[in-house]
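Source file: structure-v2.pdb; contents: PDB, C-alpha atoms.
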MODEL        1
ATOM      1  CA  MET A1161     117.342  77.678  84.689
ATOM      2  CA  SER A1162     120.969  78.565  85.281
ATOM      3  CA  TYR A1163     120.810  82.050  83.872
ATOM      4  CA  LEU A1164     118.878  85.061  85.087
ATOM      5  CA  SER A1165     118.796  88.308  83.149
ATOM      6  CA  ALA A1166     120.333  91.395  84.708
ATOM      7  CA  ASN A1167     116.835  92.841  85.076
ATOM      8  CA  LEU A1168     115.495  89.856  87.015
ATOM      9  CA  ASN A1169     118.618  89.660  89.167
ATOM     10  CA  MET A1170     118.149  93.307  90.032
ATOM     11  CA  LEU A1171     114.472  92.853  90.935
ATOM     12  CA  ILE A1172     115.046  89.747  93.063
ATOM     13  CA  ASN A1173     117.961  91.274  94.959
ATOM     14  CA  ALA A1174     116.087  94.532  95.527
ATOM     15  CA  VAL A1175     112.985  92.763  96.811
ATOM     16  CA  LYS A1176     114.928  90.538  99.191
ATOM     17  CA  LYS A1177     117.016  93.380 100.550
ATOM     18  CA  ALA A1178     113.999  95.643 101.000
ATOM     19  CA  SER A1179     112.038  92.842 102.697
ATOM     20  CA  ALA A1180     114.621  92.115 105.391
ATOM     21  CA  SER A1181     112.968  94.554 107.795
ATOM     22  CA  LEU A1182     109.568  92.972 107.153
ATOM     23  CA  ASN A1183     110.806  89.554 108.188
ATOM     24  CA  ARG A1184     112.226  90.968 111.412
ATOM     25  CA  ASP A1185     108.989  92.818 112.153
ATOM     26  CA  PHE A1186     106.914  89.705 111.492
ATOM     27  CA  SER A1187     108.855  87.832 114.160
ATOM     28  CA  GLU A1188     107.825  90.540 116.638
ATOM     29  CA  ILE A1189     104.148  90.861 115.719
ATOM     30  CA  GLU A1190     102.776  88.267 118.149
ATOM     31  CA  LYS A1191     104.247  90.163 121.084
ATOM     32  CA  LEU A1192     102.107  93.183 120.193
ATOM     33  CA  GLN A1193      98.744  91.436 119.719
ATOM     34  CA  SER A1194      97.539  92.464 123.176
ATOM     35  CA  SER A1195      97.775  96.154 122.290
ATOM     36  CA  VAL A1196      95.357  96.991 119.483
ATOM     37  CA  ARG A1197      96.641 100.496 118.996
ATOM     38  CA  GLY A1198     100.237  99.455 119.381
ATOM     39  CA  TYR A1199     100.165  96.643 116.856
ATOM     40  CA  LYS A1200      98.284  98.703 114.253
ATOM     41  CA  GLU A1201     100.916 101.402 114.449
ATOM     42  CA  PHE A1202     103.607  98.749 114.288
ATOM     43  CA  VAL A1203     102.136  97.214 111.122
ATOM     44  CA  ALA A1204     101.805 100.623 109.449
ATOM     45  CA  SER A1205     105.415 101.376 110.291
ATOM     46  CA  ALA A1206     106.553  97.987 108.949
ATOM     47  CA  ILE A1207     104.832  98.619 105.612
ATOM     48  CA  LYS A1208     106.255 102.113 105.330
ATOM     49  CA  LYS A1209     109.777 100.809 105.876
ATOM     50  CA  VAL A1210     109.406  98.298 103.070
ATOM     51  CA  GLU A1211     107.916 100.917 100.736
ATOM     52  CA  ASN A1212     110.849 103.239 101.369
ATOM     53  CA  ASN A1213     113.381 100.425 101.060
ATOM     54  CA  LEU A1214     111.913  99.281  97.741
ATOM     55  CA  ARG A1215     112.057 102.780  96.279
ATOM     56  CA  VAL A1216     115.674 103.144  97.345
ATOM     57  CA  GLU A1217     116.805  99.720  96.103
ATOM     58  CA  LEU A1218     114.916  99.772  92.802
ATOM     59  CA  SER A1219     115.939 103.338  92.011
ATOM     60  CA  LYS A1220     119.606 102.426  92.330
ATOM     61  CA  SER A1221     119.408 100.372  89.140
ATOM     62  CA  ARG A1222     116.575 102.196  87.352
ATOM     63  CA  PRO A1223     116.712 105.853  88.488
ATOM     64  CA  SER A1224     114.591 107.014  85.549
ATOM     65  CA  TYR A1225     111.688 104.659  86.341
ATOM     66  CA  ALA A1226     108.624 106.098  88.033
ATOM     67  CA  PHE A1227     106.471 104.230  90.564
ATOM     68  CA  ALA A1228     102.817 103.497  89.863
ATOM     69  CA  GLU A1229     100.404 104.311  92.667
ATOM     70  CA  ASN A1230      96.910 103.006  93.261
ATOM     71  CA  ASN A1231      94.057 105.378  92.401
ATOM     72  CA  LYS A1232      96.385 107.602  90.363
ATOM     73  CA  PRO A1233      97.018 107.772  86.600
ATOM     74  CA  GLN A1234      99.535 105.238  85.346
ATOM     75  CA  PRO A1235     102.939 106.810  84.573
ATOM     76  CA  ALA A1236     103.521 107.321  80.863
ATOM     77  CA  GLY A1237     107.018 105.862  80.628
ATOM     78  CA  PRO A1238     108.725 102.788  82.078
ATOM     79  CA  HIS A1239     107.825 102.275  85.710
ATOM     80  CA  PHE A1240     107.657  99.917  88.665
ATOM     81  CA  ILE A1241     104.385  98.494  90.000
ATOM     82  CA  VAL A1242     105.008  97.736  93.663
ATOM     83  CA  SER A1243     103.067  96.285  96.566
ATOM     84  CA  ALA A1244     105.111  96.497  99.765
ATOM     85  CA  LEU A1245     102.817  94.083 101.598
ATOM     86  CA  ASP A1246      99.927  92.185 100.055
ATOM     87  CA  GLY A1247      98.272  90.290 102.884
ATOM     88  CA  VAL A1248      98.301  92.960 105.592
ATOM     89  CA  VAL A1249      95.654  91.266 107.742
ATOM     90  CA  ASN A1250      97.537  87.950 107.670
ATOM     91  CA  PHE A1251     100.754  89.731 108.622
ATOM     92  CA  ALA A1252      99.053  91.580 111.463
ATOM     93  CA  HIS A1253      97.701  88.322 112.894
ATOM     94  CA  GLY A1254     100.977  86.447 112.656
ATOM     95  CA  ILE A1255      99.908  84.297 109.697
ATOM     96  CA  PRO A1256     102.817  83.697 107.276
ATOM     97  CA  TYR A1257     100.821  84.155 104.065
ATOM     98  CA  PHE A1258     101.768  87.535 102.650
ATOM     99  CA  ALA A1259     104.058  88.822  99.943
ATOM    100  CA  VAL A1260     106.034  91.659  98.474
ATOM    101  CA  SER A1261     105.212  92.068  94.778
ATOM    102  CA  VAL A1262     107.207  94.043  92.196
ATOM    103  CA  ALA A1263     106.728  94.277  88.434
ATOM    104  CA  THR A1264     108.302  96.336  85.672
ATOM    105  CA  TYR A1265     106.057  97.922  83.061
ATOM    106  CA  GLU A1266     107.580  99.012  79.765
ATOM    107  CA  ASN A1267     106.223  99.809  76.302
ATOM    108  CA  GLY A1268     102.643  99.087  77.274
ATOM    109  CA  GLN A1269     103.189  95.703  78.911
ATOM    110  CA  ILE A1270     104.364  93.957  82.063
ATOM    111  CA  THR A1271     107.890  92.791  81.315
ATOM    112  CA  ALA A1272     109.040  91.161  84.568
ATOM    113  CA  GLY A1273     107.716  90.335  88.008
ATOM    114  CA  VAL A1274     108.795  89.015  91.394
ATOM    115  CA  ILE A1275     106.609  87.780  94.260
ATOM    116  CA  TYR A1276     108.394  87.060  97.522
ATOM    117  CA  ASN A1277     107.109  85.766 100.849
ATOM    118  CA  PRO A1278     109.785  86.692 103.422
ATOM    119  CA  ALA A1279     108.229  84.473 106.107
ATOM    120  CA  THR A1280     108.717  81.291 104.068
ATOM    121  CA  GLU A1281     111.467  82.567 101.751
ATOM    122  CA  GLU A1282     109.436  81.504  98.706
ATOM    123  CA  CYS A1283     110.453  83.566  95.704
ATOM    124  CA  TYR A1284     108.564  83.397  92.407
ATOM    125  CA  PHE A1285     109.626  85.306  89.316
ATOM    126  CA  ALA A1286     108.997  85.651  85.612
ATOM    127  CA  GLU A1287     110.154  87.641  82.622
ATOM    128  CA  ARG A1288     108.073  88.105  79.522
ATOM    129  CA  GLY A1289     108.758  85.364  76.988
ATOM    130  CA  THR A1290     111.116  83.319  79.181
ATOM    131  CA  GLY A1291     108.798  81.413  81.520
ATOM    132  CA  ALA A1292     107.980  81.528  85.234
ATOM    133  CA  TYR A1293     110.125  80.047  87.997
ATOM    134  CA  LYS A1294     110.396  79.416  91.709
ATOM    135  CA  GLU A1295     113.795  80.045  93.218
ATOM    136  CA  GLY A1296     115.727  76.984  94.330
ATOM    137  CA  PHE A1297     118.979  76.539  96.218
ATOM    138  CA  ARG A1298     120.857  75.058  93.262
ATOM    139  CA  ASN A1299     118.400  75.122  90.366
ATOM    140  CA  HIS A1300     115.303  77.192  89.791
ATOM    141  CA  GLU A1301     112.067  75.240  89.352
ATOM    142  CA  ARG A1302     110.156  75.884  86.125
ATOM    143  CA  LEU A1303     106.523  76.629  86.955
ATOM    144  CA  ARG A1304     103.561  75.119  85.119
ATOM    145  CA  VAL A1305      99.883  75.641  85.794
ATOM    146  CA  SER A1306      97.810  72.604  86.717
ATOM    147  CA  VAL A1307      96.201  70.400  84.082
ATOM    148  CA  ARG A1308      92.878  69.723  85.811
ATOM    149  CA  LYS A1309      89.944  69.916  83.440
ATOM    150  CA  GLU A1310      86.891  69.418  85.648
ATOM    151  CA  LEU A1311      85.810  72.216  87.975
ATOM    152  CA  GLY A1312      84.651  69.623  90.474
ATOM    153  CA  GLU A1313      88.312  68.697  90.969
ATOM    154  CA  CYS A1314      89.638  72.248  91.229
ATOM    155  CA  MET A1315      90.760  74.298  94.206
ATOM    156  CA  VAL A1316      90.003  77.962  93.617
ATOM    157  CA  SER A1317      90.924  81.102  95.492
ATOM    158  CA  ALA A1318      87.980  83.482  95.255
ATOM    159  CA  LYS A1319      86.846  86.621  96.977
ATOM    160  CA  THR A1320      83.335  85.710  98.149
ATOM    161  CA  LEU A1321      82.709  88.683 100.428
ATOM    162  CA  PRO A1322      83.043  92.314  99.307
ATOM    163  CA  VAL A1323      85.760  94.403 100.909
ATOM    164  CA  TYR A1324      84.918  97.862  99.585
ATOM    165  CA  GLU A1325      81.115  97.484  99.581
ATOM    166  CA  ASN A1326      80.750  99.074  96.165
ATOM    167  CA  GLU A1327      77.975  97.836  93.900
ATOM    168  CA  HIS A1328      80.327  96.279  91.368
ATOM    169  CA  GLU A1329      82.265  94.231  93.904
ATOM    170  CA  VAL A1330      79.088  93.073  95.627
ATOM    171  CA  ALA A1331      77.747  91.851  92.262
ATOM    172  CA  CYS A1332      80.980  89.947  91.511
ATOM    173  CA  CYS A1333      80.969  88.275  94.913
ATOM    174  CA  ARG A1334      77.350  87.210  94.471
ATOM    175  CA  LYS A1335      78.202  85.616  91.121
ATOM    176  CA  ILE A1336      81.061  83.695  92.722
ATOM    177  CA  GLN A1337      78.887  82.536  95.620
ATOM    178  CA  ALA A1338      76.068  81.446  93.319
ATOM    179  CA  HIS A1339      77.992  79.785  90.500
ATOM    180  CA  ILE A1340      81.575  78.981  91.568
ATOM    181  CA  VAL A1341      81.393  77.889  95.208
ATOM    182  CA  PRO A1342      78.850  75.090  94.582
ATOM    183  CA  THR A1343      80.727  73.855  91.491
ATOM    184  CA  VAL A1344      84.382  73.552  92.476
ATOM    185  CA  ASN A1345      86.024  71.057  94.806
ATOM    186  CA  ALA A1346      87.143  73.757  97.235
ATOM    187  CA  CYS A1347      86.905  77.536  97.375
ATOM    188  CA  ARG A1348      89.265  79.431  99.650
ATOM    189  CA  THR A1349      90.103  83.015 100.573
ATOM    190  CA  PHE A1350      93.746  83.095 101.634
ATOM    191  CA  GLY A1351      94.224  86.839 101.979
ATOM    192  CA  SER A1352      97.012  87.634  99.504
ATOM    193  CA  THR A1353      96.060  87.834  95.836
ATOM    194  CA  ALA A1354      99.694  88.196  94.755
ATOM    195  CA  LEU A1355     100.681  84.953  96.445
ATOM    196  CA  ASP A1356      97.509  83.243  95.212
ATOM    197  CA  LEU A1357      98.505  84.086  91.627
ATOM    198  CA  ALA A1358     101.985  82.665  92.217
ATOM    199  CA  TYR A1359     100.308  79.479  93.450
ATOM    200  CA  VAL A1360      98.238  79.264  90.258
ATOM    201  CA  ALA A1361     101.470  79.562  88.267
ATOM    202  CA  ALA A1362     102.947  76.781  90.384
ATOM    203  CA  GLY A1363      99.925  74.498  89.908
ATOM    204  CA  LYS A1364      98.988  74.553  93.600
ATOM    205  CA  LEU A1365      95.753  76.422  92.888
ATOM    206  CA  ASP A1366      93.727  75.952  89.725
ATOM    207  CA  ALA A1367      92.283  79.465  89.565
ATOM    208  CA  VAL A1368      92.024  82.856  91.222
ATOM    209  CA  ILE A1369      88.769  84.790  90.842
ATOM    210  CA  SER A1370      88.773  88.206  92.453
ATOM    211  CA  SER A1371      87.338  91.653  91.786
ATOM    212  CA  SER A1372      88.457  95.224  92.465
ATOM    213  CA  ASN A1373      92.115  94.317  92.966
ATOM    214  CA  PRO A1374      94.651  97.155  93.099
ATOM    215  CA  THR A1375      97.048  97.132  90.155
ATOM    216  CA  THR A1376      99.999  96.929  92.516
ATOM    217  CA  GLU A1377      98.851  93.593  93.955
ATOM    218  CA  ILE A1378      98.222  91.712  90.709
ATOM    219  CA  ALA A1379     100.721  92.944  88.089
ATOM    220  CA  ALA A1380     103.572  90.524  88.843
ATOM    221  CA  GLY A1381     101.205  87.618  89.478
ATOM    222  CA  LEU A1382      99.344  87.979  86.191
ATOM    223  CA  LEU A1383     102.635  87.736  84.318
ATOM    224  CA  LEU A1384     103.615  84.633  86.304
ATOM    225  CA  VAL A1385     100.358  82.907  85.384
ATOM    226  CA  LYS A1386     100.770  83.734  81.697
ATOM    227  CA  GLU A1387     104.401  82.621  81.610
ATOM    228  CA  ALA A1388     103.466  79.367  83.356
ATOM    229  CA  GLY A1389     101.006  78.533  80.569
ATOM    230  CA  GLY A1390      97.840  79.840  82.206
ATOM    231  CA  SER A1391      95.056  82.143  81.054
ATOM    232  CA  VAL A1392      94.056  85.587  82.280
ATOM    233  CA  PHE A1393      90.641  87.150  81.658
ATOM    234  CA  ASP A1394      88.407  89.893  82.983
ATOM    235  CA  ILE A1395      85.527  88.572  85.094
ATOM    236  CA  ASP A1396      83.020  90.333  82.814
ATOM    237  CA  GLN A1397      84.797  89.391  79.580
ATOM    238  CA  LYS A1398      82.229  87.801  77.272
ATOM    239  CA  ASP A1399      84.601  86.775  74.461
ATOM    240  CA  ILE A1400      87.634  84.882  75.785
ATOM    241  CA  ARG A1401      89.051  83.813  72.449
ATOM    242  CA  SER A1402      91.760  86.433  72.974
ATOM    243  CA  GLU A1403      93.415  87.894  76.047
ATOM    244  CA  ASP A1404      94.269  91.485  76.871
ATOM    245  CA  LEU A1405      96.504  91.419  79.933
ATOM    246  CA  ASP A1406      96.720  95.204  80.114
ATOM    247  CA  SER A1407      92.943  95.693  80.226
ATOM    248  CA  VAL A1408      92.634  93.069  82.974
ATOM    249  CA  LEU A1409      95.375  94.830  84.899
ATOM    250  CA  ARG A1410      93.470  98.113  84.671
ATOM    251  CA  SER A1411      90.096  96.644  85.627
ATOM    252  CA  GLY A1412      91.378  94.607  88.573
ATOM    253  CA  ASP A1413      88.613  92.027  88.005
ATOM    254  CA  ILE A1414      90.504  88.829  87.332
ATOM    255  CA  ILE A1415      90.085  85.228  86.346
ATOM    256  CA  ALA A1416      93.571  83.685  86.338
ATOM    257  CA  CYS A1417      93.566  79.947  85.793
ATOM    258  CA  ASN A1418      94.927  76.944  83.985
ATOM    259  CA  ALA A1419      94.092  76.884  80.291
ATOM    260  CA  ASN A1420      91.576  74.046  80.635
ATOM    261  CA  VAL A1421      89.033  75.679  82.930
ATOM    262  CA  GLY A1422      89.010  79.301  81.783
ATOM    263  CA  LYS A1423      85.986  78.987  79.500
ATOM    264  CA  LYS A1424      84.029  77.004  82.081
ATOM    265  CA  ILE A1425      84.617  79.624  84.770
ATOM    266  CA  SER A1426      83.860  82.496  82.393
ATOM    267  CA  ASP A1427      80.619  80.835  81.236
ATOM    268  CA  LEU A1428      79.459  80.360  84.827
ATOM    269  CA  LEU A1429      80.177  83.968  85.753
ATOM    270  CA  ASN A1430      78.528  85.398  82.636
ATOM    271  CA  LYS A1431      75.279  83.442  82.587
TER     272      LYS A1431
ENDMDL
END
Kindly transcribe the structure held in the file into structure tokens.
Amino acid sequence: MSYLSANLNMLINAVKKASASLNRDFSEIEKLQSSVRGYKEFVASAIKKVENNLRVELSKSRPSYAFAENNKPQPAGPHFIVSALDGVVNFAHGIPYFAVSVATYENGQITAGVIYNPATEECYFAERGTGAYKEGFRNHERLRVSVRKELGECMVSAKTLPVYENEHEVACCRKIQAHIVPTVNACRTFGSTALDLAYVAAGKLDAVISSSNPTTEIAAGLLLVKEAGGSVFDIDQKDIRSEDLDSVLRSGDIIACNANVGKKISDLLNK
């Protein structure tokens, strides 16, 4: 792909510029591990810097766009859906598996998304109707989901332990433990749903199954999976003959996978 739209160029440049401080802070995190209070304050400060930087950089090009916030009503007009750091625990422990995620939402749909891991400089991006890509030095790599058909061959990222301890999330985790873990080749919890979704788009993972995800952490990744030829469903969705990306985004309960295994996963989770 030799051409990037002005919108994608803007998003990629904004994310990289805003993430520069995060990369510097990550290189310092191991020095603070001995001070529990100190490193927690350091991590909170690192996230805040990225949040502020993203608002500044994105607003330069789209000053009229609002910013969606978790646990608040979605803005009515065009807006950004931003996660300054998805994978906070990994970051805090010096593990380079975390990401900054930014999506644009316009006219009732996700129109573009960028997922960037500053520690590894992996940058994944997609625009509605044009495909999903991983940034390369000379040429950008077109992303395609995997083609595995048998669950016994699949590697899946799944949330098997509840984080929020609400009844709904506990029920979802029990379903995954009972029906998915024994069936797939490998089930992992990597700690960054945004990056997991980018890996599904890239064919590295075959599926992500996760409940109660904040909108900010999954918006860009869901678009990447769709644009890479994958499928996106709600965990509790009984009829998967059609997809409603916006409803999945609102629920936060996601099955994102290659097109071959979606029905098998859905059937297992909705026995």
**OP:** For region 1345-1352 of chain A, work out the shell of residues within 7 Å, counting all atoms listed in the file and skipping chain neighbours fewer than 4 positions away, then give it as a ChimeraX atom specification.
**Re:** /A:1246-1247,1250,1257-1258,1311-1319,1341,1356
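Proximity to Arg1308 (chain A) was assessed for A:Lys1364, A:Lys1294, A:Arg1288, A:His1328 counting only C-alpha atoms; the smallest distance is recorded for A:Lys1364.
Using all atoms listed in the file, the shortest contact distance between Ala1206 (chain A) and any of A:His1239, A:Val1274, A:Phe1251, A:Lys1177 is found at A:Phe1251.
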Subject >> Nearby residues (only C-alpha atoms) at most 9 Å from Ile1241 (chain A), same-chain spacing under 5 positions excluded, as a ChimeraX atom specification >> reply: /A:1226-1229,1261-1265,1375-1377,1379-1380
Original post:
What's the 7 Å shell around region 1384-1397 of chain A, counting only C-alpha atoms, without same-chain residues fewer than 6 positions away, as number ranges by chain?
Top reply: A: 1285-1286, 1288-1289, 1291-1292, 1303-1305, 1357-1358, 1360-1361, 1403, 1405, 1408, 1413-1419, 1422, 1426, 1430
Original post:
So, counting all atoms listed in the file, which residue among A:Val1323, A:Leu1365, A:Val1344, A:Val1203 is closest to Lys1424 (chain A)?
Top reply: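 Counting all atoms listed in the file, the residue closest to Lys1424 (chain A) is A:Val1344.
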**OP:** Identify which of the residues A:Thr1343, A:Asn1231, A:Ser1371, A:Ser1243 lies closest to Glu1211 (chain A), counting all atoms listed in the file when measuring atom-to-atom distances.
**Re:**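 Checking each of A:Thr1343, A:Asn1231, A:Ser1371, A:Ser1243 against Glu1211 (chain A), counting all atoms listed in the file, the winner is A:Ser1243.
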Could you add whatever atoms are missing so that region 1178-1189 of chain A carries N, CA and C atoms, then write the result as a short mmCIF file (atom, residue, chain, number, x, y, z; two decimals), keeping the file's coordinate frame?
data_model
loop_
_atom_site.label_atom_id
_atom_site.label_comp_id
_atom_site.auth_asym_id
_atom_site.auth_seq_id
_atom_site.Cartn_x
_atom_site.Cartn_y
_atom_site.Cartn_z
N ALA A 1178 115.01 94.75 100.45
CA ALA A 1178 114.00 95.64 101.00
C ALA A 1178 113.09 94.93 101.99
N SER A 1179 112.96 93.60 101.85
CA SER A 1179 112.04 92.84 102.70
C SER A 1179 112.66 92.38 104.01
N ALA A 1180 113.95 92.60 104.18
CA ALA A 1180 114.62 92.12 105.39
C ALA A 1180 113.97 92.68 106.65
N SER A 1181 113.60 93.94 106.62
CA SER A 1181 112.97 94.55 107.80
C SER A 1181 111.60 93.94 108.06
N LEU A 1182 110.90 93.56 107.00
CA LEU A 1182 109.57 92.97 107.15
C LEU A 1182 109.65 91.64 107.87
N ASN A 1183 110.63 90.85 107.54
CA ASN A 1183 110.81 89.55 108.19
C ASN A 1183 111.10 89.73 109.67
N ARG A 1184 111.93 90.70 109.99
CA ARG A 1184 112.23 90.97 111.41
C ARG A 1184 110.97 91.42 112.15
N ASP A 1185 110.21 92.31 111.51
CA ASP A 1185 108.99 92.82 112.15
C ASP A 1185 107.95 91.72 112.33
N PHE A 1186 107.88 90.80 111.38
CA PHE A 1186 106.91 89.70 111.49
C PHE A 1186 107.22 88.83 112.70
N SER A 1187 108.48 88.65 113.01
CA SER A 1187 108.86 87.83 114.16
C SER A 1187 108.46 88.50 115.48
N GLU A 1188 108.19 89.81 115.43
CA GLU A 1188 107.82 90.54 116.64
C GLU A 1188 106.32 90.75 116.78
N ILE A 1189 105.55 90.45 115.73
CA ILE A 1189 104.15 90.86 115.72
C ILE A 1189 103.32 90.20 116.81
#
